[in-house]
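Asks: My structure file data_24.txt, compact mmCIF, C-alpha atoms, is below:
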```txt
# COMPACT_ATOMS: atom_id res chain seq x y z
CA MET A 14 70.13 129.87 88.64
CA THR A 15 73.17 127.65 88.00
CA MET A 16 73.63 124.30 89.72
CA THR A 17 76.37 125.77 91.95
CA GLU A 18 74.11 128.69 92.88
CA SER A 19 71.33 126.21 93.66
CA VAL A 20 73.58 124.19 95.95
CA ARG A 21 74.89 127.36 97.59
CA ALA A 22 71.34 128.64 98.10
CA ASP A 23 70.56 125.46 99.98
CA PHE A 24 73.39 126.04 102.48
CA PRO A 25 72.94 127.33 104.99
CA ARG A 26 69.34 126.33 105.53
CA LEU A 27 69.16 127.58 109.07
CA VAL A 28 65.66 127.77 110.49
CA THR A 29 66.66 128.68 114.04
CA ALA A 30 69.40 130.64 115.72
CA LEU A 31 72.33 128.39 116.58
CA PRO A 32 72.09 126.46 118.76
CA GLY A 33 68.34 126.02 118.41
CA PRO A 34 66.08 125.32 121.40
CA ARG A 35 66.13 121.52 121.09
CA ALA A 36 69.90 121.55 120.58
CA GLN A 37 70.41 123.79 123.61
CA ALA A 38 68.31 121.54 125.80
CA LEU A 39 70.28 118.47 124.79
CA ILE A 40 73.61 120.23 125.29
CA GLU A 41 72.54 121.01 128.86
CA ARG A 42 71.63 117.35 129.46
CA ASP A 43 74.96 116.30 127.93
CA ALA A 44 76.87 118.48 130.39
CA GLU A 45 75.35 116.54 133.28
CA ALA A 46 75.77 113.00 131.92
CA ILE A 47 78.72 112.89 129.50
CA SER A 48 82.44 112.95 130.26
CA PRO A 49 83.82 116.50 129.99
CA SER A 50 86.94 115.11 128.32
CA TYR A 51 85.21 115.25 124.93
CA THR A 52 86.06 118.22 122.72
CA ARG A 53 83.24 119.97 120.89
CA SER A 54 84.22 122.79 118.56
CA TYR A 55 80.71 124.20 118.18
CA PRO A 56 77.17 123.35 119.36
CA LEU A 57 76.08 120.97 116.60
CA VAL A 58 73.50 118.40 117.75
CA ALA A 59 73.16 116.03 114.81
CA GLU A 60 69.95 114.12 114.16
CA ARG A 61 70.40 112.57 110.71
CA GLY A 62 72.68 112.63 107.71
CA GLU A 63 72.53 111.95 104.00
CA GLY A 64 75.49 112.07 101.66
CA ALA A 65 77.45 115.19 102.53
CA THR A 66 74.72 116.85 104.59
CA ILE A 67 73.80 116.82 108.27
CA THR A 68 70.47 117.91 109.76
CA ASP A 69 70.36 118.92 113.41
CA VAL A 70 67.57 118.39 115.93
CA ASP A 71 66.05 121.79 115.13
CA GLY A 72 65.88 121.19 111.37
CA ASN A 73 68.98 123.19 110.41
CA ARG A 74 70.86 121.65 107.48
CA PHE A 75 74.63 121.78 107.14
CA LEU A 76 77.17 120.90 104.47
CA ASP A 77 79.54 118.49 106.19
CA PHE A 78 83.24 118.96 105.45
CA ASN A 79 84.58 116.97 108.40
CA ALA A 80 82.73 113.66 107.81
CA GLY A 81 82.85 112.66 111.45
CA ILE A 82 86.62 113.33 111.48
CA ALA A 83 87.27 111.66 108.11
CA VAL A 84 85.15 108.62 109.00
CA ALA A 85 82.05 108.85 106.77
CA SER A 86 84.05 108.06 103.64
CA THR A 87 81.03 107.04 101.56
CA GLY A 88 78.88 109.84 102.93
CA HIS A 89 76.26 109.62 105.63
CA CYS A 90 73.96 106.60 105.38
CA HIS A 91 74.94 105.51 101.89
CA PRO A 92 72.09 103.21 100.74
CA ARG A 93 74.42 100.34 99.86
CA VAL A 94 76.19 100.52 103.20
CA VAL A 95 72.87 100.71 105.05
CA GLU A 96 71.60 97.70 103.10
CA ALA A 97 74.74 95.70 103.92
CA ILE A 98 74.36 96.55 107.63
CA GLN A 99 70.68 95.62 107.69
CA ASP A 100 71.19 92.34 105.85
CA GLN A 101 74.03 91.27 108.14
CA ALA A 102 72.22 92.35 111.31
CA ALA A 103 69.29 90.13 110.34
CA ARG A 104 71.61 87.11 109.99
CA LEU A 105 74.38 87.45 112.59
CA ILE A 106 75.19 90.44 114.78
CA HIS A 107 78.04 89.02 116.82
CA MET A 108 80.20 85.90 116.98
CA SER A 109 83.63 86.77 118.32
CA GLY A 110 86.29 86.22 115.70
CA THR A 111 88.73 85.67 118.55
CA ASP A 112 87.20 82.25 119.25
CA PHE A 113 85.19 81.33 116.15
CA TYR A 114 85.14 81.73 112.38
CA TYR A 115 82.80 83.50 109.97
CA GLU A 116 83.11 84.04 106.25
CA ASN A 117 82.93 87.81 105.84
CA MET A 118 85.82 88.25 108.29
CA VAL A 119 88.01 86.19 105.96
CA GLN A 120 86.65 88.02 102.90
CA LEU A 121 87.58 91.42 104.30
CA ALA A 122 91.03 90.25 105.39
CA GLU A 123 91.67 88.91 101.89
CA LYS A 124 90.54 92.19 100.36
CA LEU A 125 92.73 94.28 102.66
CA CYS A 126 95.72 92.08 101.83
CA GLN A 127 94.97 92.67 98.16
CA ILE A 128 94.80 96.47 98.39
CA ALA A 129 97.64 96.88 100.93
CA PRO A 130 100.59 98.89 99.59
CA GLY A 131 103.21 96.72 97.90
CA LYS A 132 103.12 93.11 96.76
CA ALA A 133 104.36 91.30 99.86
CA PRO A 134 101.96 88.71 101.35
CA ARG A 135 100.05 90.12 104.33
CA ARG A 136 97.94 89.13 107.31
CA VAL A 137 95.31 91.23 109.09
CA TYR A 138 94.39 91.79 112.73
CA PHE A 139 91.00 93.43 113.41
CA GLY A 140 90.23 95.89 116.21
CA ASN A 141 87.65 98.58 116.82
CA SER A 142 89.51 101.90 116.52
CA GLY A 143 92.66 103.59 115.32
CA THR A 144 94.01 103.50 118.85
CA GLU A 145 93.58 99.73 118.96
CA ALA A 146 95.34 99.39 115.61
CA THR A 147 98.26 101.37 117.04
CA GLU A 148 98.44 99.20 120.14
CA ALA A 149 98.36 96.03 118.05
CA SER A 150 101.13 97.26 115.77
CA MET A 151 103.33 98.21 118.75
CA LYS A 152 102.89 94.79 120.36
CA LEU A 153 103.52 93.06 117.04
CA ALA A 154 106.67 95.10 116.42
CA ARG A 155 108.08 94.12 119.80
CA TYR A 156 107.10 90.49 119.31
CA ALA A 157 108.57 90.25 115.80
CA THR A 158 111.85 92.08 116.43
CA GLY A 159 112.68 91.31 120.05
CA ARG A 160 113.35 95.04 120.49
CA ASP A 161 111.44 97.38 122.78
CA LYS A 162 111.97 101.01 121.65
CA PHE A 163 109.91 103.21 119.29
CA ILE A 164 110.35 106.47 117.42
CA SER A 165 107.45 108.68 116.40
CA PHE A 166 107.10 112.35 115.47
CA TYR A 167 106.17 115.65 117.06
CA GLY A 168 102.72 116.68 115.94
CA GLY A 169 101.70 113.06 115.45
CA PHE A 170 98.47 111.61 116.81
CA HIS A 171 98.14 107.84 117.21
CA GLY A 172 95.47 107.51 119.89
CA ARG A 173 94.90 108.05 123.60
CA SER A 174 95.33 104.64 125.25
CA MET A 175 98.58 104.39 127.16
CA GLY A 176 100.79 102.85 124.46
CA ALA A 177 99.30 104.91 121.65
CA LEU A 178 99.43 108.04 123.81
CA SER A 179 103.14 107.45 124.34
CA LEU A 180 103.60 107.80 120.58
CA THR A 181 101.24 110.78 120.36
CA ALA A 182 102.85 114.22 120.55
CA SER A 183 100.06 116.40 119.26
CA ARG A 184 98.91 118.49 122.24
CA SER A 185 100.13 118.50 125.82
CA VAL A 186 96.57 118.39 127.19
CA GLN A 187 96.29 114.88 125.80
CA ARG A 188 99.17 113.79 128.07
CA LYS A 189 98.64 116.02 131.09
CA GLY A 190 97.86 114.04 134.21
CA PHE A 191 98.62 110.61 132.75
CA ALA A 192 102.32 110.08 133.52
CA SER A 193 104.20 107.88 133.44
CA LEU A 194 103.70 106.73 129.89
CA LEU A 195 105.38 103.86 128.08
CA ALA A 196 109.16 104.00 128.45
CA GLY A 197 111.39 103.82 125.42
CA VAL A 198 109.45 106.11 123.07
CA PHE A 199 111.40 108.94 121.42
CA HIS A 200 110.21 111.74 119.16
CA ALA A 201 111.66 113.45 116.11
CA PRO A 202 110.53 116.56 114.22
CA TYR A 203 108.09 115.92 111.38
CA PRO A 204 109.18 117.94 108.33
CA ASN A 205 107.03 121.02 107.78
CA LEU A 206 107.77 122.66 104.44
CA TYR A 207 105.90 125.85 105.28
CA ARG A 208 107.40 126.34 108.75
CA ASP A 209 110.93 125.12 107.97
CA GLY A 210 111.21 127.54 105.07
CA LYS A 211 113.76 125.39 103.25
CA PRO A 212 113.86 123.75 99.83
CA GLU A 213 111.83 120.53 99.81
CA GLU A 214 114.76 118.13 99.50
CA GLU A 215 116.71 119.87 102.28
CA CYS A 216 113.69 119.89 104.58
CA GLY A 217 113.22 116.14 104.19
CA ALA A 218 116.94 115.43 104.56
CA ASP A 219 117.12 117.47 107.80
CA ALA A 220 114.33 115.42 109.36
CA LEU A 221 116.10 112.17 108.48
CA ARG A 222 119.44 113.50 109.69
CA PHE A 223 117.96 114.26 113.12
CA ILE A 224 117.09 110.59 113.59
CA GLU A 225 120.50 109.38 112.49
CA GLU A 226 122.72 112.03 114.08
CA VAL A 227 120.78 113.01 117.20
CA LEU A 228 118.56 110.13 118.26
CA PHE A 229 120.77 107.23 117.20
CA ARG A 230 124.05 108.84 118.28
CA GLN A 231 122.98 110.55 121.48
CA VAL A 232 119.74 109.05 122.78
CA VAL A 233 118.80 105.52 121.67
CA PRO A 234 120.86 102.84 119.88
CA ALA A 235 119.34 102.01 116.51
CA GLU A 236 119.64 98.29 117.24
CA GLU A 237 117.18 98.65 120.13
CA VAL A 238 114.44 100.33 118.07
CA ALA A 239 111.59 98.00 117.10
CA ALA A 240 109.74 100.42 114.82
CA ILE A 241 109.36 103.96 113.57
CA VAL A 242 105.71 105.01 113.51
CA VAL A 243 104.80 107.74 111.04
CA GLU A 244 101.74 109.30 109.44
CA ALA A 245 102.15 109.44 105.66
CA VAL A 246 100.25 112.74 105.83
CA GLN A 247 100.18 114.11 109.35
CA GLY A 248 96.56 114.53 110.42
CA GLU A 249 96.06 116.18 113.81
CA GLY A 250 99.42 117.89 113.31
CA GLY A 251 97.86 120.13 110.67
CA TYR A 252 97.33 118.05 107.50
CA LEU A 253 101.03 118.25 106.69
CA VAL A 254 102.22 116.65 103.45
CA PRO A 255 105.88 115.66 103.88
CA PRO A 256 108.65 116.40 101.36
CA ARG A 257 108.82 113.85 98.56
CA ASN A 258 112.14 112.46 99.78
CA PHE A 259 111.12 112.00 103.42
CA LEU A 260 109.15 108.73 103.43
CA PRO A 261 111.45 106.98 100.91
CA GLY A 262 114.42 108.13 103.01
CA LEU A 263 112.72 106.87 106.17
CA ARG A 264 112.08 103.50 104.50
CA ASP A 265 115.76 103.28 103.56
CA LEU A 266 116.84 104.25 107.07
CA THR A 267 114.67 101.59 108.72
CA GLN A 268 115.87 98.87 106.37
CA ARG A 269 119.52 99.71 107.01
CA HIS A 270 119.03 99.37 110.76
CA GLY A 271 116.62 96.42 110.82
CA ILE A 272 113.77 98.61 112.10
CA LEU A 273 110.13 98.12 111.12
CA LEU A 274 108.27 100.97 109.41
CA ILE A 275 104.69 101.38 110.65
CA CYS A 276 102.51 103.73 108.60
CA ASP A 277 99.57 105.17 110.51
CA GLU A 278 96.96 105.55 107.75
CA VAL A 279 94.05 105.83 110.16
CA GLN A 280 93.05 109.25 108.81
CA SER A 281 94.85 109.35 105.46
CA GLY A 282 93.99 105.87 104.21
CA MET A 283 90.98 104.28 102.52
CA GLY A 284 91.06 106.53 99.48
CA ARG A 285 90.99 109.93 101.16
CA THR A 286 94.09 111.23 99.34
CA GLY A 287 93.06 109.90 95.93
CA LYS A 288 94.89 106.59 96.38
CA TRP A 289 94.09 103.71 98.70
CA TRP A 290 96.94 104.78 100.99
CA ALA A 291 98.76 108.09 101.29
CA CYS A 292 102.13 106.30 101.40
CA GLU A 293 101.50 105.20 97.79
CA HIS A 294 102.00 108.81 96.66
CA PHE A 295 105.62 108.40 97.76
CA GLY A 296 106.24 104.87 96.47
CA VAL A 297 106.74 103.45 99.96
CA GLU A 298 105.83 99.95 101.16
CA PRO A 299 105.61 99.87 104.98
CA ASP A 300 106.02 96.72 107.05
CA ILE A 301 102.77 97.44 108.90
CA VAL A 302 99.82 99.66 107.95
CA ASN A 303 97.20 100.79 110.47
CA SER A 304 93.72 101.61 109.16
CA ALA A 305 90.47 102.72 110.80
CA LYS A 306 88.18 105.80 110.41
CA GLY A 307 86.96 105.52 106.80
CA ILE A 308 87.27 101.74 106.64
CA ALA A 309 83.59 101.02 107.47
CA SER A 310 81.72 104.28 106.82
CA GLY A 311 81.18 104.96 110.51
CA LEU A 312 80.97 101.56 112.16
CA PRO A 313 83.73 100.78 114.68
CA LEU A 314 86.45 98.80 112.93
CA SER A 315 90.20 98.92 112.53
CA ALA A 316 92.77 96.80 110.76
CA THR A 317 96.46 96.23 111.41
CA ILE A 318 97.87 94.94 108.11
CA ALA A 319 101.35 93.42 108.39
CA ARG A 320 103.76 91.45 106.29
CA LYS A 321 102.83 87.79 106.66
CA GLU A 322 106.15 86.69 108.12
CA LEU A 323 105.88 89.37 110.83
CA MET A 324 102.35 88.48 111.93
CA ASN A 325 103.24 85.02 113.21
CA TRP A 326 102.43 85.48 116.88
CA LYS A 327 100.88 82.57 118.76
CA PRO A 328 97.19 82.05 119.65
CA GLY A 329 96.29 84.22 122.63
CA ALA A 330 99.13 86.69 122.07
CA HIS A 331 96.66 89.40 121.09
CA ALA A 332 92.92 89.44 120.47
CA SER A 333 89.70 91.45 120.74
CA THR A 334 86.17 90.35 121.64
CA PHE A 335 84.50 92.85 119.31
CA GLY A 336 87.24 93.48 116.72
CA GLY A 337 86.02 92.34 113.32
CA ASN A 338 82.35 92.34 114.31
CA PRO A 339 80.25 90.83 111.47
CA VAL A 340 78.09 93.94 111.02
CA ALA A 341 81.08 96.28 110.94
CA ILE A 342 82.79 93.99 108.44
CA ALA A 343 79.72 93.97 106.19
CA ALA A 344 79.80 97.77 106.23
CA SER A 345 83.49 97.70 105.37
CA LEU A 346 83.05 95.33 102.42
CA ALA A 347 80.34 97.63 101.02
CA THR A 348 82.53 100.67 101.68
CA ILE A 349 85.53 99.20 99.86
CA GLU A 350 83.39 98.28 96.86
CA LEU A 351 82.13 101.87 96.64
CA LEU A 352 85.64 103.26 97.03
CA GLU A 353 87.15 101.15 94.28
CA HIS A 354 84.25 101.80 91.90
CA GLY A 355 84.48 105.56 91.76
CA LEU A 356 84.88 107.27 95.12
CA ILE A 357 88.69 107.17 95.24
CA GLU A 358 88.78 108.72 91.78
CA ASN A 359 86.24 111.31 92.93
CA ALA A 360 88.47 112.15 95.89
CA ARG A 361 91.36 112.69 93.51
CA THR A 362 89.51 114.82 90.95
CA VAL A 363 87.35 116.91 93.30
CA GLY A 364 90.32 117.39 95.63
CA ALA A 365 92.44 118.64 92.74
CA TYR A 366 89.57 120.92 91.68
CA MET A 367 89.37 122.39 95.18
CA MET A 368 93.12 122.83 95.42
CA ASP A 369 93.19 124.69 92.09
CA ARG A 370 90.71 127.20 93.49
CA MET A 371 92.31 127.41 96.95
CA ARG A 372 95.81 127.92 95.58
CA GLU A 373 95.15 131.62 95.19
CA TRP A 374 94.01 132.12 98.78
CA PRO A 375 97.46 133.00 100.20
CA PHE A 376 97.57 135.85 97.66
CA ARG A 377 93.97 136.97 98.27
CA PHE A 378 93.82 136.72 102.07
CA ARG A 379 96.58 137.90 104.37
CA ARG A 380 95.34 135.47 107.03
CA VAL A 381 96.09 132.44 104.84
CA GLY A 382 99.70 131.34 104.98
CA GLU A 383 99.43 128.15 102.94
CA VAL A 384 97.01 125.63 101.48
CA ARG A 385 98.18 122.03 101.26
CA GLY A 386 97.00 118.47 100.99
CA LEU A 387 96.30 115.46 98.80
CA GLY A 388 92.91 114.47 97.44
CA LEU A 389 90.19 115.35 99.94
CA MET A 390 92.62 115.77 102.83
CA LEU A 391 93.20 119.52 102.61
CA GLY A 392 94.57 122.00 105.14
CA VAL A 393 94.49 125.80 105.30
CA GLU A 394 97.17 127.38 107.50
CA ILE A 395 95.79 130.45 109.29
CA VAL A 396 98.30 133.13 110.31
CA ARG A 397 98.16 136.55 111.84
CA ASP A 398 99.89 137.92 108.77
CA ARG A 399 101.33 135.96 105.86
CA GLU A 400 104.52 138.02 105.92
CA THR A 401 105.42 137.06 109.51
CA ARG A 402 103.80 133.58 109.36
CA GLU A 403 102.82 133.94 113.02
CA ARG A 404 100.31 131.27 113.96
CA ALA A 405 96.81 132.51 114.77
CA PRO A 406 94.89 129.76 116.57
CA GLU A 407 92.19 132.13 117.81
CA LEU A 408 91.53 133.33 114.24
CA ARG A 409 91.40 129.72 113.05
CA ASP A 410 88.82 128.93 115.73
CA ARG A 411 86.86 132.02 114.73
CA ILE A 412 86.78 130.85 111.11
CA VAL A 413 85.53 127.42 112.20
CA HIS A 414 82.70 129.07 114.17
CA LEU A 415 81.84 131.49 111.36
CA ALA A 416 81.59 128.55 108.98
CA PHE A 417 79.25 126.76 111.38
CA GLU A 418 77.07 129.85 111.62
CA ARG A 419 76.83 129.81 107.81
CA GLY A 420 75.95 126.13 107.57
CA LEU A 421 79.36 124.55 106.91
CA LEU A 422 80.96 122.02 109.24
CA VAL A 423 84.78 122.09 109.39
CA LEU A 424 87.32 121.41 112.13
CA GLY A 425 90.74 122.63 113.13
CA ALA A 426 93.94 120.61 112.86
CA GLY A 427 97.32 121.34 114.37
CA PRO A 428 98.11 124.65 116.05
CA SER A 429 96.40 126.88 113.47
CA ALA A 430 95.07 125.01 110.43
CA VAL A 431 91.54 124.41 109.18
CA ARG A 432 91.05 120.88 107.89
CA LEU A 433 88.77 119.97 105.00
CA SER A 434 87.94 116.27 105.02
CA PRO A 435 84.50 115.87 103.41
CA PRO A 436 82.87 112.57 102.49
CA LEU A 437 84.36 111.22 99.28
CA VAL A 438 80.95 111.49 97.60
CA ILE A 439 80.97 115.30 97.35
CA SER A 440 80.35 116.95 94.00
CA ARG A 441 82.12 119.94 92.50
CA ASP A 442 79.05 122.02 93.18
CA GLN A 443 79.12 121.11 96.86
CA ALA A 444 82.85 121.84 96.90
CA ASP A 445 82.22 125.27 95.40
CA ALA A 446 79.47 125.94 97.93
CA ALA A 447 81.82 125.10 100.80
CA LEU A 448 84.65 127.22 99.38
CA ASP A 449 82.25 130.13 98.88
CA ILE A 450 81.39 129.98 102.58
CA LEU A 451 85.03 129.73 103.63
CA GLU A 452 85.91 132.71 101.49
CA GLU A 453 83.16 134.69 103.23
CA CYS A 454 84.67 133.66 106.58
CA LEU A 455 88.18 134.64 105.50
CA GLU A 456 86.92 138.01 104.29
CA ARG A 457 85.23 138.49 107.67
CA VAL A 458 88.43 137.91 109.65
CA GLU A 459 90.46 140.14 107.31
```
Could you quickly redo this structure as C-alpha cells?

Replies:
Amino acid sequence: MTMTESVRADFPRLVTALPGPRAQALIERDAEAISPSYTRSYPLVAERGEGATITDVDGNRFLDFNAGIAVASTGHCHPRVVEAIQDQAARLIHMSGTDFYYENMVQLAEKLCQIAPGKAPRRVYFGNSGTEATEASMKLARYATGRDKFISFYGGFHGRSMGALSLTASRSVQRKGFASLLAGVFHAPYPNLYRDGKPEEECGADALRFIEEVLFRQVVPAEEVAAIVVEAVQGEGGYLVPPRNFLPGLRDLTQRHGILLICDEVQSGMGRTGKWWACEHFGVEPDIVNSAKGIASGLPLSATIARKELMNWKPGAHASTFGGNPVAIAASLATIELLEHGLIENARTVGAYMMDRMREWPFRFRRVGEVRGLGLMLGVEIVRDRETRERAPELRDRIVHLAFERGLLVLGAGPSAVRLSPPLVISRDQADAALDILEECLERVE
C-alpha cells in the first residue's frame, strides 16, 4: 500500500452512522440552549483535533479541510502552540492592555509591523475578532481623514456588528431585520472573472470604472469617502481571486482621491495564500490591514495594522478590555514562528500541487464550472451545467454533505462554491486523500 493509499484508507474512519448517538443527543441539547442564529452545514460534534484531523464525540475521524473557517492555520493543537498557551496561562492570563503594559503585547505588535505589506512604519491595534478589526479600521479611517463615507463590494463579508455589517454584502439574511445600518456606505461590484466572461484586464478595468463613473459621479463625492474596504481574495463571496490589474488600479484610484485603502485579510492573510498577505501577490501596499482568523491558531485575537502616521488617535479614542489578551498573544507569537519557518511555503507548494490536479475538473465533471484560488485558499464553482454556467447551490450543498458522509470536512462559499481551506500543515498525501473524496462526490452528483 502506498502512503497516499494508507492516508486514504484512514479517511473516513466512521464507526457510527452520522450523526452518532452521542452527537445526536448533544445536537438536541444545543437546539434548546444555543442561539438559532448559528449556521451549521452538517451535524459534526467535534471532541478533539490533531493536525488536520478532527474526531467527533462518537469516535468518527475526519480530514479537516475547513480548519474552523480558515482559523486553525497551524493545525489543531499544534504542540508548540499548546506549549506557548500553557506556559503563558501559568504566568499571566489577563492584564488589560488598554490600561497596563506587558511585554509579549509589544513583541507581537513589533512582529506584525515587520511582516506587514510594504515598508512604511506601522502601529497595531488589538481586538478579538475580524469584526472588531473592521470596526477599528472604520473608526480610524474617519478619525484620520475627517471624512465619513465608505465603499465596499458586493459579495464581501466584513463581520456582523453594525458598522461591519454595513460593509458586508454577502447574503441578505445577514442584514434582514437589522435596519437601519450605518449611513454613508456604498457598494460596487467585485470583479468575477468566471461570471463576467471578459478578458482579465477588461474585467478589472470595468470594476474600477464603476467606482469612478457611477459612484463618484452619481452617488457619492470622492472627497467625502474616508476609505475603500476590499478583500484581496474575496472569502465568503466564493473565494474569488481578482484580476491582476484590479488591486493596483484600486490603490491608484484611492491615492488620486485622498482615500484610504483598507485590505480585509481576515481570511486570506497569515500565510494562507502562500504569502503573508494576499495583497502581496498583486504588489499592493494598503494603508490599513485587518487580520484575525489564522493569527493565533484558534484563540480569539485580531489586529488592525495601520500606517504609523494614521494611527495617531488619542488615549481613550478606541480600546478593548480583552483585545491583545496575553494568552492569545502567546499563541500568536508561536503561530507566526511556525508560519515563517515552513508553513507558508507548505501552503504555497501543497496549494499549487492541489491546483494542478484540480485544474482538469472542469473538463472531467460537467458540474464544475471553475477551480480558482491561491495557496491553500481554493474554490470550486459548482454549476448545473458548465455550458450554461447556471449556479447550483443545492448541488453544492449536496457535495458538502456527501463529503461529510465520507469523512471530509468542507464548507460552501458564495452562492455556489465549495471552499477548501485546510490547516497549513497538510501533506500532499492528505491533499490527495481529500481530492479523492471530492472526486467521488462529484461523480455522485453527475

Asks: Counting all atoms listed in the file, which of A:Val58, A:Leu178, A:Val28, A:Leu455 gets nearest to Glu41 in chain A?

Replies: A:Val58

Asks: Just the number, please: distance in Å from CA of Pro130 in chain A to CA of Glu322 in chain A, one decimal.

Replies: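 So the two atoms, CA of Pro130 in chain A and CA of Glu322 in chain A, lie 15.9 Å apart.
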
Asks: Please identify every residue of range 113-209 of chain A that has at least one atom no farther than 10 Å from an atom of range 426-438 of chain A, counting all atoms listed in the file, and for each give the shortest atom pair and the distance in Å to one decimal, arranged by chain then increasing number, as CSV.

Replies:
```
residue,atom,partner,partner_atom,distance
A:Gly168,CA,A:Gly427,CA,7.3
A:Gly169,CA,A:Gly427,CA,9.4
A:Ser183,CA,A:Gly427,CA,7.5
A:Arg184,CA,A:Gly427,CA,8.5
```

Asks: Which of these, A:Gly197, A:Pro32, A:Gly248, A:Gly262, has the shortest distance to Ala220 in chain A once you count only C-alpha atoms?

Replies: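 Nearest to Ala220 in chain A: A:Gly262.
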
Asks: Within 9 Å of Asn73 in chain A, counting only C-alpha atoms, which residues qualify if same-chain residues fewer than 5 places away don't, as a ChimeraX atom specification?

Replies: /A:25-29,31,33,67-68,420

Asks: One decimal, in Å: what's the spacing between CA of Ala36 in chain A and CA of Cys454 in chain A?

Replies: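 Separation of CA of Ala36 in chain A and CA of Cys454 in chain A: 23.7 Å.
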
Asks: Please report as a Markdown table every residue of range 349-458 of chain A lying within 12 Å of range 76-89 of chain A, along with the nearest atom pair and their distance in Å (one decimal), using all atoms listed in the file.

Replies:
```
| residue | atom | partner | partner_atom | distance |
| --- | --- | --- | --- | --- |
| A:Ile349 | CA | A:Thr87 | CA | 9.2 |
| A:Glu350 | CA | A:Thr87 | CA | 10.2 |
| A:Leu351 | CA | A:Thr87 | CA | 7.2 |
| A:Leu352 | CA | A:Thr87 | CA | 7.5 |
| A:Glu353 | CA | A:Thr87 | CA | 11.2 |
| A:His354 | CA | A:Thr87 | CA | 11.5 |
| A:Gly355 | CA | A:Thr87 | CA | 10.5 |
| A:Leu356 | CA | A:Thr87 | CA | 7.5 |
| A:Ile357 | CA | A:Ser86 | CA | 9.6 |
| A:Asn359 | CA | A:Thr87 | CA | 10.9 |
| A:Ala360 | CA | A:Ser86 | CA | 9.8 |
| A:Leu389 | CA | A:Ala83 | CA | 9.4 |
| A:Met390 | CA | A:Ala83 | CA | 8.6 |
| A:Leu391 | CA | A:Phe78 | CA | 10.4 |
| A:Gly392 | CA | A:Asn79 | CA | 11.7 |
| A:Val413 | CA | A:Phe78 | CA | 11.1 |
| A:Ala416 | CA | A:Leu76 | CA | 9.9 |
| A:Phe417 | CA | A:Leu76 | CA | 9.3 |
| A:Glu418 | CA | A:Leu76 | CA | 11.5 |
| A:Arg419 | CA | A:Leu76 | CA | 9.5 |
| A:Gly420 | CA | A:Leu76 | CA | 6.2 |
| A:Leu421 | CA | A:Leu76 | CA | 4.9 |
| A:Leu422 | CA | A:Asp77 | CA | 4.9 |
| A:Val423 | CA | A:Asn79 | CA | 5.2 |
| A:Leu424 | CA | A:Asn79 | CA | 6.4 |
| A:Gly425 | CA | A:Asn79 | CA | 9.6 |
| A:Ala426 | CA | A:Ile82 | CA | 10.4 |
| A:Val431 | CA | A:Asn79 | CA | 10.2 |
| A:Arg432 | CA | A:Asn79 | CA | 7.6 |
| A:Leu433 | CA | A:Phe78 | CA | 5.6 |
| A:Ser434 | CA | A:Asn79 | CA | 4.8 |
| A:Pro435 | CA | A:Phe78 | CA | 3.9 |
| A:Pro436 | CA | A:Ser86 | CA | 4.8 |
| A:Leu437 | CA | A:Ser86 | CA | 5.4 |
| A:Val438 | CA | A:Gly88 | CA | 6.0 |
| A:Ile439 | CA | A:Gly88 | CA | 8.1 |
| A:Ser440 | CA | A:Gly88 | CA | 11.5 |
| A:Asp442 | CA | A:Leu76 | CA | 11.5 |
| A:Gln443 | CA | A:Leu76 | CA | 7.9 |
| A:Ala444 | CA | A:Phe78 | CA | 9.0 |
| A:Asp445 | CA | A:Leu76 | CA | 11.3 |
| A:Ala446 | CA | A:Leu76 | CA | 8.6 |
| A:Ala447 | CA | A:Leu76 | CA | 7.3 |
| A:Leu448 | CA | A:Phe78 | CA | 10.3 |
| A:Asp449 | CA | A:Leu76 | CA | 11.9 |
| A:Ile450 | CA | A:Leu76 | CA | 10.2 |
| A:Leu451 | CA | A:Phe78 | CA | 11.1 |
```

Asks: Need to verify the contact set: Arg35 in chain A, 8 Å, all atoms listed in the file, exclusion of same-chain residues closer than 3 positions in sequence. Can you return it as a PyMOL selection string?

Replies: chain A and resi 38-39+70-71
